[in-house]
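Remarks on the structure that follows.
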Amino acid sequence: VSIKESNLKMLLEKYGEKRVTVLRGDVCNETLLEYAFATTQPKFVAHMAARAGVRPSIQNPYVYIHSNVQATTRLLDFSYQNNVQNFVFASSSSIYGGSKSIHFSERENVDRPVSPYAATKKSCELMAHTFHHLYGINITALRFFTVYGPRGRPDMAPFKFIDRVSRGLEIQQFGDGSSKRDYTYVADIVDGIIRAIDRPYPFEIFNLGKGSGTSLKEFIGLIEKHTGKKANITFLPDQ
């Protein structure tokens, strides 16, 4: 929460309240959304709000259903009712689950998620397609891959590993380090969102990533190189 408040403060300081309006509340709150849509009359909606994280979703799936599925459905409904021209929202590469594909394709069958988080994101895509089919609203789903960069989430590996290695603290490596992630810089994600807003599609899903993976072993090596510190690694079984 403190990071989000800090980000909002920076936006307000840079652009001012005439260009940025901040409303605090639950995206599922109907009264709040009625006020937001009535006062701003948006031509497009960029829905980036979500409860993220695979492991926490296993512990508390109900929170993810509320924050992801219910919130997205509520926003889709208000967008339709208020004649929004283009609805863009954040999906996730977690949808691909245990796929063995080297290169993930948007046309790949993704009906077997392996976490509640992934299941909620797939549910959001299905609900979005339903709203497009019923009401003709333009919708683009962007499947984000592992996003990193300034002011990122402190629970994500890039932030956590850099912080711990630089301070000489232990980090945990699951498996032999060969597992790969498509680390995507946050500025590239923002560029993709803007392009999706500017170019409406009737209904489309796009992967938004770098396009190539970096192994955990390579990733830790890069951290060691740039921090000048040797990583203190505890090796754990693959998950």
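Within each chain, counting starts at residue 1; across the structure tokens, chains are named A, B, ... in the order shown, with ligands numbered 1 upward in that order.
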
Region 24-46 of chain A residues near region 200-208 of chain A within 12 Å, closest pair each, using only C-alpha atoms, as a Markdown table:
| residue | atom | partner | partner_atom | distance |
| --- | --- | --- | --- | --- |
| A:Lys43 | CA | A:Pro200 | CA | 11.5 |
| A:Phe44 | CA | A:Pro200 | CA | 9.6 |
| A:Val45 | CA | A:Pro200 | CA | 11.4 |
| A:Ala46 | CA | A:Pro200 | CA | 11.9 |

message: I'd like the contact shell of region 220-235 of chain A - 8 Å cut-off, only C-alpha atoms, skipping same-chain residues fewer than 5 positions apart - returned as a count of residues only.
response: 13

Report as JSON lines: every residue of region 162-202 of chain A with an atom at most 12 Å from region 80-89 of chain A, its closest pair of atoms, and their distance in Å to one decimal, counting only C-alpha atoms, with rows sorted by chain and ascending residue number.
{"residue": "A:Gly192", "atom": "CA", "partner": "A:Val88", "partner_atom": "CA", "distance": 10.5}
{"residue": "A:Ile193", "atom": "CA", "partner": "A:Val88", "partner_atom": "CA", "distance": 7.5}
{"residue": "A:Ile194", "atom": "CA", "partner": "A:Val88", "partner_atom": "CA", "distance": 9.4}
{"residue": "A:Arg195", "atom": "CA", "partner": "A:Val88", "partner_atom": "CA", "distance": 10.2}
{"residue": "A:Ala196", "atom": "CA", "partner": "A:Val88", "partner_atom": "CA", "distance": 6.9}
{"residue": "A:Ile197", "atom": "CA", "partner": "A:Val88", "partner_atom": "CA", "distance": 6.5}
{"residue": "A:Asp198", "atom": "CA", "partner": "A:Asn86", "partner_atom": "CA", "distance": 8.8}
{"residue": "A:Arg199", "atom": "CA", "partner": "A:Asn86", "partner_atom": "CA", "distance": 8.7}
{"residue": "A:Pro200", "atom": "CA", "partner": "A:Asn86", "partner_atom": "CA", "distance": 5.9}
{"residue": "A:Tyr201", "atom": "CA", "partner": "A:Asn86", "partner_atom": "CA", "distance": 8.0}
{"residue": "A:Pro202", "atom": "CA", "partner": "A:Asn86", "partner_atom": "CA", "distance": 8.7}

Take the residues just selected and output them with C-alpha atoms as a tab-separated table (two decimals), in the first residue's frame.
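As written to disk, again.tsv reads:
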chain	number	residue	atom	x	y	z
A	192	GLY	CA	2.09	-1.85	-24.84
A	193	ILE	CA	-0.86	-0.60	-22.78
A	194	ILE	CA	-0.84	2.77	-24.56
A	195	ARG	CA	-0.69	1.11	-27.97
A	196	ALA	CA	-3.62	-1.14	-27.04
A	197	ILE	CA	-5.64	1.89	-25.96
A	198	ASP	CA	-4.85	3.77	-29.18
A	199	ARG	CA	-5.64	0.79	-31.45
A	200	PRO	CA	-8.99	-0.75	-30.52
A	201	TYR	CA	-9.72	-4.35	-31.52
A	202	PRO	CA	-13.18	-5.95	-31.40

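In terms of minimum interatomic distance to Tyr117 (chain A), A:Ser94 ranks closest within A:Glu13, A:Phe219, A:Ser94, A:Glu30, counting only C-alpha atoms.
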
All helix (DSSP H, G or I) residues (DSSP, backbone) inside region 2-110 of chain A, as a ChimeraX atom specification: /A:2-15,30-40,54-59,61-81,93-96

List as CSV every residue of region 131-175 of chain A that is in contact with region 59-77 of chain A, defined as an atom at most 10 Å from one of its atoms (using only C-alpha atoms), together with the nearest atom pair and the distance in Å rounded to one decimal, sorted by chain and then rising number.
residue,atom,partner,partner_atom,distance
A:Phe131,CA,A:Leu76,CA,7.1
A:His132,CA,A:Leu76,CA,9.4
A:Tyr135,CA,A:Asp77,CA,9.9
A:Ile137,CA,A:Leu76,CA,8.9
A:Ile139,CA,A:Leu76,CA,9.4

Nearest to Ser79 (chain A) by atom-to-atom distance, counting only C-alpha atoms, from A:Thr184, A:Ser92, A:Gln41, A:Thr31: A:Gln41

message: Can you tell me, as an MDAnalysis selection string, which residues in chain A count as strand (DSSP E) by DSSP?
response: chainID A and resid 44:47 86:92 139:144 147:148 170:174 180:181 184:185 203:208 214:215 232:236

message: Which residues are close to Gly53 (chain A), i.e. within 10 Å by only C-alpha atoms, leaving aside same-chain residues fewer than 3 positions away? Reply as number ranges by chain.
response: A: 50, 56-58, 64, 94, 115-118, 155-156

Output N, CA and C atoms for every residue in the selection just made, as a compact mmCIF listing (two decimals), in the first residue's frame.
# COMPACT_ATOMS: atom_id res chain seq x y z
N ALA A 50 -5.78 -5.41 -9.68
CA ALA A 50 -5.91 -6.86 -9.48
C ALA A 50 -5.20 -7.28 -8.21
N PRO A 56 0.11 -16.75 -2.76
CA PRO A 56 -0.94 -16.26 -1.85
C PRO A 56 -2.34 -16.66 -2.29
N SER A 57 -2.54 -16.82 -3.60
CA SER A 57 -3.87 -17.19 -4.09
C SER A 57 -4.27 -18.59 -3.65
N ILE A 58 -3.28 -19.43 -3.41
CA ILE A 58 -3.56 -20.79 -2.94
C ILE A 58 -4.05 -20.75 -1.49
N TYR A 64 -9.05 -13.42 -4.24
CA TYR A 64 -8.70 -13.28 -5.66
C TYR A 64 -9.95 -13.28 -6.54
N SER A 94 0.55 -16.26 -16.25
CA SER A 94 0.26 -17.40 -15.37
C SER A 94 -0.83 -18.29 -15.94
N SER A 115 -3.22 -22.59 -10.60
CA SER A 115 -3.33 -21.80 -9.38
C SER A 115 -4.63 -21.01 -9.42
N PRO A 116 -5.18 -20.67 -8.25
CA PRO A 116 -6.38 -19.83 -8.23
C PRO A 116 -6.17 -18.49 -8.93
N TYR A 117 -4.96 -17.91 -8.78
CA TYR A 117 -4.68 -16.64 -9.46
C TYR A 117 -4.85 -16.79 -10.96
N ALA A 118 -4.23 -17.82 -11.54
CA ALA A 118 -4.34 -18.05 -12.98
C ALA A 118 -5.79 -18.30 -13.38
N ASP A 155 7.72 -7.93 -3.27
CA ASP A 155 7.65 -9.38 -3.10
C ASP A 155 8.11 -10.13 -4.35
N MET A 156 8.39 -9.41 -5.43
CA MET A 156 8.84 -10.05 -6.66
C MET A 156 10.33 -10.33 -6.62

task: Could you please determine the separation between CA of Arg51 (chain A) and CA of Asn29 (chain A) in Å, to one decimal place?
output: 15.8 Å

Residue among A:Thr120, A:Thr130, A:Ser93, A:Thr140 lying closest to Asp182 (chain A), counting only C-alpha atoms: A:Ser93

Find the residues of region 92-147 of chain A that sit at most 12 Å from region 186-191 of chain A; for each, write down the nearest two atoms and how far apart they are in Å, to one decimal. Count only C-alpha atoms. Sort by chain, then by number going up, and give it as a tab-separated table.
residue	atom	partner	partner_atom	distance
A:Leu142	CA	A:Ile189	CA	9.3
A:Arg143	CA	A:Ile189	CA	10.1
A:Phe144	CA	A:Ile189	CA	7.5
A:Phe145	CA	A:Ile189	CA	9.1
A:Thr146	CA	A:Val186	CA	9.3
A:Val147	CA	A:Val186	CA	5.8
